[in-house]
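Just start_10.pdb here, PDB, C-alpha atoms:
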ATOM      1  CA  THR L1436      80.563 103.788 106.213
ATOM      2  CA  ARG L1437      80.198 103.303 102.464
ATOM      3  CA  ASP L1438      83.795 104.333 101.705
ATOM      4  CA  PRO L1439      85.860 104.265 104.909
ATOM      5  CA  ILE L1440      89.189 104.648 103.103
ATOM      6  CA  LEU L1441      88.038 107.926 101.522
ATOM      7  CA  TRP L1442      86.812 109.321 104.837
ATOM      8  CA  ASP L1443      89.901 108.174 106.746
ATOM      9  CA  GLN L1444      92.028 110.068 104.209
ATOM     10  CA  PHE L1445      89.737 113.102 104.416
ATOM     11  CA  ILE L1446      89.978 113.128 108.221
ATOM     12  CA  ASP L1447      93.777 112.817 108.120
ATOM     13  CA  LEU L1448      94.017 115.693 105.632
ATOM     14  CA  ALA L1449      91.577 117.920 107.539
ATOM     15  CA  GLN L1450      93.391 117.355 110.822
ATOM     16  CA  SER L1451      96.817 117.915 109.226
ATOM     17  CA  ARG L1452      95.527 121.327 108.104
ATOM     18  CA  GLY L1453      94.425 122.228 111.644
ATOM     19  CA  HIS L1454      90.724 121.394 111.480
ATOM     20  CA  THR L1455      88.845 119.667 114.281
ATOM     21  CA  VAL L1456      86.689 116.753 113.140
ATOM     22  CA  TYR L1457      83.664 115.562 115.107
ATOM     23  CA  CYS L1458      81.430 112.558 114.656
ATOM     24  CA  VAL L1459      77.858 113.488 115.543
ATOM     25  CA  THR L1460      75.420 110.614 115.271
ATOM     26  CA  ALA L1461      71.708 110.506 116.055
ATOM     27  CA  ARG L1462      72.239 107.027 117.504
ATOM     28  CA  GLU L1463      71.534 106.309 121.141
ATOM     29  CA  PRO L1464      74.664 106.089 123.318
ATOM     30  CA  SER L1465      74.371 102.349 123.956
ATOM     31  CA  ILE L1466      77.500 100.280 124.581
ATOM     32  CA  TRP L1467      77.076  98.612 121.167
ATOM     33  CA  ASN L1468      76.829 101.951 119.319
ATOM     34  CA  LYS L1469      79.649 103.533 121.303
ATOM     35  CA  ASP L1470      81.970 100.589 120.664
ATOM     36  CA  GLU L1471      81.218 100.633 116.931
ATOM     37  CA  VAL L1472      81.761 104.382 116.514
ATOM     38  CA  GLU L1473      84.710 104.688 118.865
ATOM     39  CA  ASP L1474      86.482 101.681 117.302
ATOM     40  CA  SER L1475      86.112 103.137 113.790
ATOM     41  CA  ILE L1476      86.096 106.925 113.412
ATOM     42  CA  GLY L1477      86.906 107.416 117.079
ATOM     43  CA  ARG L1478      90.354 105.929 116.585
ATOM     44  CA  LEU L1479      91.118 108.784 114.160
ATOM     45  CA  ILE L1480      89.428 111.768 115.800
ATOM     46  CA  GLY L1481      89.505 110.682 119.440
ATOM     47  CA  VAL L1482      86.555 109.368 121.401
ATOM     48  CA  LYS L1483      86.097 112.778 123.036
ATOM     49  CA  ASN L1484      85.042 114.074 119.597
ATOM     50  CA  CYS L1485      82.299 111.451 119.156
ATOM     51  CA  TYR L1486      78.795 112.555 120.144
ATOM     52  CA  PHE L1487      75.544 110.577 120.347
ATOM     53  CA  THR L1488      72.383 112.703 120.215
ATOM     54  CA  ASP L1489      69.906 109.904 120.961
ATOM     55  CA  GLY L1490      67.632 111.113 118.160
ATOM     56  CA  LYS L1491      67.870 114.831 118.897
ATOM     57  CA  ALA L1492      68.655 117.347 116.143
ATOM     58  CA  LYS L1493      72.437 117.321 115.752
ATOM     59  CA  GLU L1494      73.020 121.065 115.337
ATOM     60  CA  LYS L1495      71.061 122.005 118.475
ATOM     61  CA  TYR L1496      72.645 119.160 120.433
ATOM     62  CA  MET L1497      76.154 120.345 119.562
ATOM     63  CA  PHE L1498      75.223 123.964 120.280
ATOM     64  CA  ASP L1499      74.095 122.846 123.742
ATOM     65  CA  GLN L1500      77.563 121.272 124.174
ATOM     66  CA  GLY L1501      79.134 124.647 123.331
ATOM     67  CA  ILE L1502      80.330 123.500 119.905
ATOM     68  CA  LEU L1503      79.413 125.250 116.663
ATOM     69  CA  ILE L1504      79.983 123.125 113.570
ATOM     70  CA  ASP L1505      81.052 125.095 110.476
ATOM     71  CA  VAL L1506      80.713 122.331 107.869
ATOM     72  CA  TRP L1507      78.413 119.318 108.084
ATOM     73  CA  ILE L1508      78.945 116.161 106.029
ATOM     74  CA  ASP L1509      76.038 113.817 106.655
ATOM     75  CA  ASP L1510      74.396 110.847 104.944
ATOM     76  CA  SER L1511      71.041 111.918 106.460
ATOM     77  CA  PRO L1512      71.227 115.724 106.471
ATOM     78  CA  ARG L1513      67.643 116.179 107.672
ATOM     79  CA  PHE L1514      68.801 115.037 111.124
ATOM     80  CA  ILE L1515      71.175 117.989 111.412
ATOM     81  CA  THR L1516      68.259 120.327 112.076
ATOM     82  CA  GLN L1517      65.398 117.932 112.775
ATOM     83  CA  SER L1518      64.850 115.390 115.504
ATOM     84  CA  LYS L1519      65.178 111.808 114.328
ATOM     85  CA  LYS L1520      62.148 110.936 116.434
ATOM     86  CA  LEU L1521      60.103 113.451 114.423
ATOM     87  CA  PHE L1522      60.688 111.272 111.344
ATOM     88  CA  ALA L1523      60.293 107.880 113.044
ATOM     89  CA  GLY L1524      58.649 105.468 110.627
ATOM     90  CA  VAL L1525      58.685 108.005 107.754
ATOM     91  CA  PHE L1526      62.176 107.420 106.340
ATOM     92  CA  PRO L1527      64.210 104.227 106.259
ATOM     93  CA  GLN L1528      67.187 104.223 108.623
TER      94      GLN L1528
END
Now that the file is in, can you turn its structure into structure tokens?
Amino acid sequence: TRDPILWDQFIDLAQSRGHTVYCVTAREPSIWNKDEVEDSIGRLIGVKNCYFTDGKAKEKYMFDQGILIDVWIDDSPRFITQSKKLFAGVFPQ
């Protein structure tokens, strides 16, 4: 979200080279969150590639969906392997 032009270009390049891009967020799947994500990154990668873990660890959540992520790019990497709820109140959002 800090540099959407950079990430839009990165997504375009990755997809043009045959890579699948997913958006995996620890956000809850509320209408507000879904609209925000699907109207931004979802327009580039497809809404079917947007996942909302509702605070669960992202890697385990995606594994449970049958998807193994090879490369993670994350502004809060601790939530890839740890539950967001585990850190509630410890780190700023």
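Interatomic distance, CA of Val1456 in chain L to CA of Trp1507 in chain L: 10.0 Å.
The space between CA of Lys1495 in chain L and CA of Cys1458 in chain L spans 14.5 Å.
By all atoms listed in the file, and with residues fewer than 3 positions from Phe1487 in chain L along its chain excluded, the set lying at most 10 Å from it is L:Cys1458, L:Val1459, L:Thr1460, L:Ala1461, L:Arg1462, L:Glu1463, L:Pro1464, L:Ser1465, L:Asn1468, L:Lys1469, L:Val1472, L:Gly1490, L:Lys1491, L:Lys1493, L:Tyr1496, L:Met1497.
Residue neighbourhood of range 1438-1455 of chain L, excluding near-sequence residues (fewer than 2 positions): Thr1436, Tyr1457, Ser1475, Ile1476, Leu1479, Ile1480 and Asn1484 of chain L, at 9 Å, using all atoms listed in the file.
If you look at CA of Asp1510 in chain L and CA of Arg1437 in chain L, they are 9.8 Å away from each other.
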With 6 Å added on each side, what axis-aligned box encloses every listed atom of range 1453-1462 of chain L? Give the centre and edge lengths in Å to one decimal, as lines of an AutoDock Vina configuration file.
center_x = 83.1
center_y = 114.6
center_z = 114.5
size_x = 34.7
size_y = 27.2
size_z = 18.0
Checklist line | Exercise: Ser1518 in chain L partners within 7 Å, only C-alpha atoms, chain neighbours under 2 positions left out, as a PyMOL selection string | finding: chain L and resi 1490-1492+1514+1516+1520-1521
Put those residues in a file: C-alpha atoms, as a compact mmCIF listing (two decimals), keeping the file's coordinate frame.
# COMPACT_ATOMS: atom_id res chain seq x y z
CA GLY L 1490 67.63 111.11 118.16
CA LYS L 1491 67.87 114.83 118.90
CA ALA L 1492 68.66 117.35 116.14
CA PHE L 1514 68.80 115.04 111.12
CA THR L 1516 68.26 120.33 112.08
CA LYS L 1520 62.15 110.94 116.43
CA LEU L 1521 60.10 113.45 114.42
Could you model N, CA and C atoms for range 1469-1486 of chain L and present them as a PDB file, in the coordinates of the input?
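selection.pdb written:
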ATOM      1  N   LYS L1469      78.405 102.856 120.923  1.00  0.00           N
ATOM      2  CA  LYS L1469      79.649 103.533 121.303  1.00  0.00           C
ATOM      3  C   LYS L1469      80.861 102.725 120.861  1.00  0.00           C
ATOM      4  N   ASP L1470      80.840 101.431 121.079  1.00  0.00           N
ATOM      5  CA  ASP L1470      81.970 100.589 120.664  1.00  0.00           C
ATOM      6  C   ASP L1470      82.183 100.674 119.158  1.00  0.00           C
ATOM      7  N   GLU L1471      81.103 100.598 118.390  1.00  0.00           N
ATOM      8  CA  GLU L1471      81.218 100.633 116.931  1.00  0.00           C
ATOM      9  C   GLU L1471      81.812 101.956 116.445  1.00  0.00           C
ATOM     10  N   VAL L1472      81.294 103.069 116.950  1.00  0.00           N
ATOM     11  CA  VAL L1472      81.761 104.382 116.514  1.00  0.00           C
ATOM     12  C   VAL L1472      83.174 104.661 117.021  1.00  0.00           C
ATOM     13  N   GLU L1473      83.408 104.387 118.281  1.00  0.00           N
ATOM     14  CA  GLU L1473      84.710 104.688 118.865  1.00  0.00           C
ATOM     15  C   GLU L1473      85.814 103.800 118.315  1.00  0.00           C
ATOM     16  N   ASP L1474      85.481 102.581 117.886  1.00  0.00           N
ATOM     17  CA  ASP L1474      86.482 101.681 117.302  1.00  0.00           C
ATOM     18  C   ASP L1474      86.743 101.980 115.825  1.00  0.00           C
ATOM     19  N   SER L1475      85.901 102.802 115.203  1.00  0.00           N
ATOM     20  CA  SER L1475      86.112 103.137 113.790  1.00  0.00           C
ATOM     21  C   SER L1475      86.593 104.585 113.708  1.00  0.00           C
ATOM     22  N   ILE L1476      85.695 105.524 113.557  1.00  0.00           N
ATOM     23  CA  ILE L1476      86.096 106.925 113.412  1.00  0.00           C
ATOM     24  C   ILE L1476      86.746 107.471 114.689  1.00  0.00           C
ATOM     25  N   GLY L1477      86.338 106.956 115.817  1.00  0.00           N
ATOM     26  CA  GLY L1477      86.906 107.416 117.079  1.00  0.00           C
ATOM     27  C   GLY L1477      88.401 107.203 117.197  1.00  0.00           C
ATOM     28  N   ARG L1478      88.908 106.172 116.530  1.00  0.00           N
ATOM     29  CA  ARG L1478      90.354 105.929 116.585  1.00  0.00           C
ATOM     30  C   ARG L1478      91.123 107.005 115.835  1.00  0.00           C
ATOM     31  N   LEU L1479      90.470 107.712 114.921  1.00  0.00           N
ATOM     32  CA  LEU L1479      91.118 108.784 114.160  1.00  0.00           C
ATOM     33  C   LEU L1479      90.923 110.158 114.785  1.00  0.00           C
ATOM     34  N   ILE L1480      89.730 110.424 115.294  1.00  0.00           N
ATOM     35  CA  ILE L1480      89.428 111.768 115.800  1.00  0.00           C
ATOM     36  C   ILE L1480      89.466 111.859 117.318  1.00  0.00           C
ATOM     37  N   GLY L1481      89.542 110.714 117.981  1.00  0.00           N
ATOM     38  CA  GLY L1481      89.505 110.682 119.440  1.00  0.00           C
ATOM     39  C   GLY L1481      88.084 110.492 119.930  1.00  0.00           C
ATOM     40  N   VAL L1482      87.912 109.660 120.922  1.00  0.00           N
ATOM     41  CA  VAL L1482      86.555 109.368 121.401  1.00  0.00           C
ATOM     42  C   VAL L1482      85.892 110.597 122.006  1.00  0.00           C
ATOM     43  N   LYS L1483      86.686 111.555 122.473  1.00  0.00           N
ATOM     44  CA  LYS L1483      86.097 112.778 123.036  1.00  0.00           C
ATOM     45  C   LYS L1483      85.409 113.626 121.964  1.00  0.00           C
ATOM     46  N   ASN L1484      85.678 113.348 120.691  1.00  0.00           N
ATOM     47  CA  ASN L1484      85.042 114.074 119.597  1.00  0.00           C
ATOM     48  C   ASN L1484      83.897 113.299 118.964  1.00  0.00           C
ATOM     49  N   CYS L1485      83.436 112.247 119.626  1.00  0.00           N
ATOM     50  CA  CYS L1485      82.299 111.451 119.156  1.00  0.00           C
ATOM     51  C   CYS L1485      81.088 111.764 120.035  1.00  0.00           C
ATOM     52  N   TYR L1486      79.999 112.163 119.410  1.00  0.00           N
ATOM     53  CA  TYR L1486      78.795 112.555 120.144  1.00  0.00           C
ATOM     54  C   TYR L1486      77.595 111.747 119.657  1.00  0.00           C
TER      55      TYR L1486
END
